[in-house]
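Raw query-v1.tsv, TSV, C-alpha atoms:
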chain	number	residue	atom	x	y	z
A	49	ASP	CA	0.00	0.00	0.00
A	50	VAL	CA	1.11	3.55	-0.73
A	51	LYS	CA	2.03	5.48	2.35
A	52	VAL	CA	1.90	9.25	2.46
A	53	THR	CA	3.17	10.58	5.76
A	54	GLN	CA	2.64	14.07	7.09
A	55	SER	CA	4.96	15.11	9.87
A	56	SER	CA	2.41	16.53	12.29
A	57	ARG	CA	-1.21	15.68	12.99
A	58	TYR	CA	-1.89	18.87	14.97
A	59	LEU	CA	0.07	22.09	15.00
A	60	VAL	CA	-0.45	25.38	16.82
A	61	LYS	CA	1.49	28.42	15.68
A	62	ARG	CA	1.45	32.14	16.31
A	63	THR	CA	0.74	34.85	13.77
A	64	GLY	CA	3.87	35.80	11.87
A	65	GLU	CA	5.72	32.54	12.47
A	66	LYS	CA	7.28	30.64	9.60
A	67	VAL	CA	5.66	27.21	9.39
A	68	PHE	CA	6.93	24.09	7.65
A	69	LEU	CA	4.63	21.20	6.80
A	70	GLU	CA	6.42	18.09	5.62
A	71	CYS	CA	5.10	15.28	3.47
A	72	VAL	CA	6.85	12.08	2.46
A	73	GLN	CA	5.61	9.32	0.15
A	74	ASP	CA	7.19	5.92	-0.19
A	75	MET	CA	6.01	4.77	-3.62
A	76	ASP	CA	8.23	6.76	-5.95
A	77	HIS	CA	5.30	8.82	-7.18
A	78	GLU	CA	6.03	11.59	-9.65
A	79	ASN	CA	3.27	13.94	-8.59
A	80	MET	CA	2.64	15.47	-5.21
A	81	PHE	CA	0.01	17.96	-4.09
A	82	TRP	CA	-0.84	20.22	-1.20
A	83	TYR	CA	-4.50	20.98	-0.49
A	84	ARG	CA	-6.29	22.77	2.26
A	85	GLN	CA	-9.77	21.79	3.37
A	86	ASP	CA	-12.17	24.15	5.06
A	87	PRO	CA	-15.81	23.64	6.03
A	88	GLY	CA	-18.11	24.73	3.24
A	89	LEU	CA	-15.22	25.29	0.81
A	90	GLY	CA	-14.10	21.73	0.19
A	91	LEU	CA	-10.58	20.86	-0.93
A	92	ARG	CA	-8.60	23.60	-2.64
A	93	LEU	CA	-5.27	23.11	-4.36
A	94	ILE	CA	-2.39	25.22	-3.06
A	95	TYR	CA	0.56	23.87	-5.06
A	96	PHE	CA	1.56	20.75	-6.88
A	97	SER	CA	4.80	19.29	-8.13
A	98	TYR	CA	5.32	16.90	-11.04
A	99	ASP	CA	9.03	16.33	-10.57
A	100	VAL	CA	11.94	17.19	-8.34
A	101	LYS	CA	12.44	20.95	-8.16
A	102	MET	CA	9.36	21.49	-10.33
A	103	LYS	CA	6.27	23.18	-8.95
A	104	GLU	CA	3.07	24.72	-10.21
A	105	LYS	CA	0.70	27.10	-8.46
A	106	GLY	CA	-2.71	25.80	-7.66
A	107	ASP	CA	-5.85	27.80	-7.04
A	108	ILE	CA	-4.81	29.49	-3.79
A	109	PRO	CA	-0.99	29.84	-3.66
A	110	GLU	CA	-0.91	33.25	-1.97
A	111	GLY	CA	0.93	33.15	1.34
A	112	TYR	CA	2.47	29.75	0.63
A	113	SER	CA	5.57	28.37	-1.00
A	114	VAL	CA	6.77	24.81	-1.58
A	115	SER	CA	9.96	22.86	-1.88
A	116	ARG	CA	10.69	19.56	-3.57
A	117	GLU	CA	14.37	18.77	-3.32
A	118	LYS	CA	13.87	15.00	-3.34
A	119	LYS	CA	11.28	12.95	-5.16
A	120	GLU	CA	9.74	11.52	-2.01
A	121	ARG	CA	9.43	14.77	-0.06
A	122	PHE	CA	7.21	17.79	-0.69
A	123	SER	CA	7.21	20.61	1.83
A	124	LEU	CA	4.69	23.38	2.26
A	125	ILE	CA	5.93	26.63	3.78
A	126	LEU	CA	3.86	29.38	5.30
A	127	GLU	CA	6.24	32.33	5.17
A	128	SER	CA	4.39	34.37	7.78
A	129	ALA	CA	1.43	32.53	9.23
A	130	SER	CA	-1.86	34.36	9.50
A	131	THR	CA	-5.10	33.42	11.25
A	132	ASN	CA	-6.85	32.86	7.91
A	133	GLN	CA	-4.43	30.01	7.27
A	134	THR	CA	-5.96	28.00	10.09
A	135	SER	CA	-7.11	24.91	8.25
A	136	MET	CA	-6.69	21.20	7.61
A	137	TYR	CA	-3.75	20.67	5.25
A	138	LEU	CA	-3.68	17.53	3.16
A	139	CYS	CA	-0.77	16.21	1.16
A	140	ALA	CA	-1.41	13.76	-1.67
A	141	SER	CA	0.51	11.91	-4.35
A	142	THR	CA	-0.26	10.10	-7.60
A	143	GLU	CA	1.77	7.80	-9.77
A	144	GLY	CA	0.79	9.32	-13.09
A	145	LYS	CA	-1.43	11.90	-14.68
A	146	ASN	CA	-5.08	11.57	-13.68
A	147	GLU	CA	-4.33	8.56	-11.52
A	148	LYS	CA	-6.01	8.19	-8.16
A	149	LEU	CA	-4.82	10.38	-5.30
A	150	PHE	CA	-3.37	8.95	-2.11
A	151	PHE	CA	-3.68	11.30	0.85
A	152	GLY	CA	-1.67	11.74	4.00
A	153	SER	CA	-3.50	11.82	7.31
A	154	GLY	CA	-3.60	15.60	7.31
A	155	THR	CA	-2.27	18.37	9.53
A	156	GLN	CA	-4.77	20.46	11.45
A	157	LEU	CA	-3.03	23.82	11.74
A	158	SER	CA	-4.25	26.49	14.11
A	159	VAL	CA	-2.73	29.96	13.84
A	160	LEU	CA	-3.39	32.10	16.90
B	81	ARG	CA	-20.74	27.04	-12.31
B	82	LYS	CA	-18.79	24.57	-10.21
B	83	GLU	CA	-16.78	21.89	-11.96
B	84	VAL	CA	-18.25	19.16	-9.78
B	85	GLU	CA	-21.52	19.33	-7.87
B	86	GLN	CA	-22.92	17.05	-5.22
B	87	ASP	CA	-25.96	17.15	-3.00
B	88	PRO	CA	-24.47	17.91	0.43
B	89	GLY	CA	-27.17	15.94	2.25
B	90	PRO	CA	-27.24	14.79	4.94
B	91	PHE	CA	-28.83	11.55	3.88
B	92	ASN	CA	-30.27	9.93	6.99
B	93	VAL	CA	-31.08	6.27	6.36
B	94	PRO	CA	-31.78	3.21	8.53
B	95	GLU	CA	-29.43	0.26	8.63
B	96	GLY	CA	-30.06	-2.09	5.75
B	97	ALA	CA	-31.33	0.63	3.42
B	98	THR	CA	-30.12	1.23	-0.10
B	99	VAL	CA	-28.91	4.75	-0.77
B	100	ALA	CA	-27.66	6.43	-3.92
B	101	PHE	CA	-25.63	9.57	-4.49
B	102	ASN	CA	-25.15	11.44	-7.71
B	103	CYS	CA	-22.43	13.80	-8.76
B	104	THR	CA	-22.51	15.97	-11.87
B	105	TYR	CA	-19.48	17.36	-13.66
B	106	SER	CA	-19.25	20.19	-16.16
B	107	ASN	CA	-16.26	19.28	-18.33
B	108	SER	CA	-17.25	16.77	-20.99
B	109	ALA	CA	-13.57	15.99	-21.60
B	110	SER	CA	-13.14	14.55	-18.10
B	111	GLN	CA	-11.18	11.32	-18.12
B	112	SER	CA	-11.00	9.89	-14.61
B	113	PHE	CA	-13.63	9.57	-11.93
B	114	PHE	CA	-13.40	8.51	-8.32
B	115	TRP	CA	-15.42	8.18	-5.15
B	116	TYR	CA	-13.63	8.88	-1.89
B	117	ARG	CA	-14.86	8.37	1.63
B	118	GLN	CA	-13.93	10.83	4.35
B	119	ASP	CA	-14.55	10.32	8.04
B	120	CYS	CA	-14.76	13.30	10.37
B	121	ARG	CA	-11.36	14.98	10.81
B	122	LYS	CA	-9.63	12.30	8.73
B	123	GLU	CA	-8.16	12.24	5.26
B	124	PRO	CA	-10.14	11.18	2.19
B	125	LYS	CA	-9.63	7.53	1.30
B	126	LEU	CA	-10.27	6.01	-2.09
B	127	LEU	CA	-13.49	4.02	-2.15
B	128	MET	CA	-13.69	3.24	-5.85
B	129	SER	CA	-12.51	4.36	-9.22
B	130	VAL	CA	-15.40	4.68	-11.66
B	131	TYR	CA	-15.14	3.05	-15.06
B	132	SER	CA	-17.20	3.57	-18.17
B	133	SER	CA	-18.65	0.09	-17.90
B	134	GLY	CA	-19.60	0.59	-14.25
B	135	ASN	CA	-18.04	-1.33	-11.44
B	136	GLU	CA	-19.01	-3.06	-8.24
B	137	ASP	CA	-17.16	-3.77	-5.03
B	138	GLY	CA	-19.23	-5.73	-2.57
B	139	ARG	CA	-22.13	-3.54	-1.46
B	140	PHE	CA	-20.92	-0.58	-3.49
B	141	THR	CA	-21.67	0.08	-7.15
B	142	ALA	CA	-20.38	3.01	-9.13
B	143	GLN	CA	-21.62	4.09	-12.54
B	144	LEU	CA	-20.65	6.69	-15.08
B	145	ASN	CA	-23.04	8.36	-17.49
B	146	ARG	CA	-20.98	10.37	-19.95
B	147	ALA	CA	-23.95	11.56	-21.98
B	148	SER	CA	-25.52	13.23	-18.95
B	149	GLN	CA	-22.18	13.93	-17.28
B	150	TYR	CA	-22.76	12.37	-13.93
B	151	ILE	CA	-21.42	9.59	-11.79
B	152	SER	CA	-23.32	7.71	-9.16
B	153	LEU	CA	-22.60	5.64	-6.09
B	154	LEU	CA	-25.05	3.06	-4.81
B	155	ILE	CA	-24.67	1.55	-1.36
B	156	ARG	CA	-26.75	-1.53	-0.61
B	157	ASP	CA	-27.52	-2.92	2.84
B	158	SER	CA	-26.16	0.15	4.62
B	159	LYS	CA	-24.10	-0.40	7.77
B	160	LEU	CA	-23.58	1.97	10.67
B	161	SER	CA	-19.91	2.05	9.63
B	162	ASP	CA	-20.88	3.53	6.25
B	163	SER	CA	-21.64	6.83	7.98
B	164	ALA	CA	-19.18	9.30	6.46
B	165	THR	CA	-18.89	12.00	3.83
B	166	TYR	CA	-18.56	10.76	0.26
B	167	LEU	CA	-16.52	12.90	-2.10
B	168	CYS	CA	-16.81	12.80	-5.84
B	169	VAL	CA	-13.52	13.53	-7.65
B	170	VAL	CA	-13.15	14.17	-11.36
B	171	SER	CA	-10.01	14.62	-13.40
B	172	PRO	CA	-10.04	16.15	-16.89
B	173	GLY	CA	-7.76	15.01	-19.67
B	174	ASN	CA	-5.12	17.64	-19.14
B	175	PHE	CA	-2.33	17.96	-16.72
B	176	ASN	CA	-2.78	16.73	-13.19
B	177	LYS	CA	-5.92	18.52	-12.20
B	178	PHE	CA	-8.51	17.11	-9.85
B	179	TYR	CA	-11.89	18.64	-9.12
B	180	PHE	CA	-13.60	17.78	-5.87
B	181	GLY	CA	-17.25	17.85	-5.02
B	182	SER	CA	-18.17	19.36	-1.69
B	183	GLY	CA	-19.15	15.93	-0.38
B	184	THR	CA	-22.38	14.17	0.53
B	185	LYS	CA	-22.87	13.33	4.16
B	186	LEU	CA	-24.41	9.96	4.98
B	187	ASN	CA	-25.77	9.06	8.41
B	188	VAL	CA	-26.81	5.45	8.87
B	189	LYS	CA	-29.05	5.05	11.92
B	190	PRO	CA	-29.73	1.89	13.93
As a first step, turn the structure in this file into structure tokens.
Amino acid sequence: DVKVTQSSRYLVKRTGEKVFLECVQDMDHENMFWYRQDPGLGLRLIYFSYDVKMKEKGDIPEGYSVSREKKERFSLILESASTNQTSMYLCASTEGKNEKLFFGSGTQLSVL
Amino acid sequence: RKEVEQDPGPFNVPEGATVAFNCTYSNSASQSFFWYRQDCRKEPKLLMSVYSSGNEDGRFTAQLNRASQYISLLIRDSKLSDSATYLCVVSPGNFNKFYFGSGTKLNVKP
């Protein structure tokens, strides 16, 4: 089974802090994604990556950046956390284009 | 117009009931279709991929109607453990894009 691991299940940060969310997948998948999920808004794509060092903006990239230095690891960075970034963050990976998504267990981030 | 639309529910059904969800999509060029299950405060997990010919996995049956641009999920003999939110996910033919429905909440009651 594919395993997508997110480093933290719950995280509490203060406004203005720099926040790193880590995601690792163990199946050599090419594509990795970061989503956030909010009640009433569903899942929204922040960034995705289709190869090492390659990244594409999703629908809501403002306030976020990403890093993919190794194929298995995709990091989401909140440069200066704000309260409106309080959300559930979900990492996902797929083997190929339009293949099924495998999700990590999510990080519930609270920014105070 | 949203790319993928689902009835948010909730659908409240007794154990043993048959329940069906529909999901409509707007892009006729869509290539891949999936149903995911999401429990409260957990990640979405793949329930089924949906194929043109329809497919069945135990009590679950998924169908695709390209002409009318919808997919459906049928759950027979509902169990308490089926209570969850069911997400419809559609991927068009181009690069790595997935569109999510807002989810349909199912409550199975004893």
Using only C-alpha atoms, find the one residue out of A:Ile94, A:Leu149, A:Cys71, A:Leu89 that sits nearest to Val170 (chain B).
-> A:Leu149
Please measure the separation of CA of Arg92 (chain A) and CA of Asp107 (chain A), giving the value in Å to one decimal.
-> 6.7 Å
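Proximity to Val72 (chain A) was assessed for A:Glu147, A:Glu120, A:Glu127, A:Glu104 counting all atoms listed in the file; the smallest distance is recorded for A:Glu120.
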For region 152-156 of chain A: contacts at 9 Å, all atoms listed in the file, fewer than 6 positions along chain excluded, given as a PyMOL selection string | (chain A and resi 51-60+69+71-73+134-141) or (chain B and resi 121-124)
Could you please take those selected residues and save C-alpha atoms as a short mmCIF file (atom, residue, chain, number, x, y, z; two decimals), in the coordinates of the input?
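The file below, again00.cif, is the result:
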data_model
loop_
_atom_site.label_atom_id
_atom_site.label_comp_id
_atom_site.auth_asym_id
_atom_site.auth_seq_id
_atom_site.Cartn_x
_atom_site.Cartn_y
_atom_site.Cartn_z
CA LYS A 51 2.03 5.48 2.35
CA VAL A 52 1.90 9.25 2.46
CA THR A 53 3.17 10.58 5.76
CA GLN A 54 2.64 14.07 7.09
CA SER A 55 4.96 15.11 9.87
CA SER A 56 2.41 16.53 12.29
CA ARG A 57 -1.21 15.68 12.99
CA TYR A 58 -1.89 18.87 14.97
CA LEU A 59 0.07 22.09 15.00
CA VAL A 60 -0.45 25.38 16.82
CA LEU A 69 4.63 21.20 6.80
CA CYS A 71 5.10 15.28 3.47
CA VAL A 72 6.85 12.08 2.46
CA GLN A 73 5.61 9.32 0.15
CA THR A 134 -5.96 28.00 10.09
CA SER A 135 -7.11 24.91 8.25
CA MET A 136 -6.69 21.20 7.61
CA TYR A 137 -3.75 20.67 5.25
CA LEU A 138 -3.68 17.53 3.16
CA CYS A 139 -0.77 16.21 1.16
CA ALA A 140 -1.41 13.76 -1.67
CA SER A 141 0.51 11.91 -4.35
CA ARG B 121 -11.36 14.98 10.81
CA LYS B 122 -9.63 12.30 8.73
CA GLU B 123 -8.16 12.24 5.26
CA PRO B 124 -10.14 11.18 2.19
#
Test item: chain B residues at most 10 Å from chain A, counting all atoms listed in the file, as number ranges by chain | B: 88, 110-116, 121-126, 128-129, 167, 169-183
Within 10 Å of Glu65 (chain A), counting all atoms listed in the file, which residues qualify if same-chain residues fewer than 5 places away don't, as number ranges by chain?
-> A: 126-130, 159
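Between CA of Arg117 (chain B) and CA of Glu83 (chain B) the separation is 19.3 Å.
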When you draw a straight line from CA of Glu143 (chain A) to CA of Ala142 (chain B), how long is it in Å?
->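 Straight-line distance from CA of Glu143 (chain A) to CA of Ala142 (chain B) works out to 22.7 Å.
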Extract, using all atoms listed in the file, all DNA, RNA and protein residues at most 6 Å from region 95-106 of chain B, discarding same-chain residues fewer than 3 positions from it, and format them as a list in words.
->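 Neighbouring residues, sequence-local ones excluded: Glu83, Val84, Glu85, Gln86, Gln149, Tyr150, Ile151, Ser152, Leu153, Leu154, Ile155, Arg156, Asp157, Ser158, Lys159, Val188, Lys189 and Pro190 of chain B.
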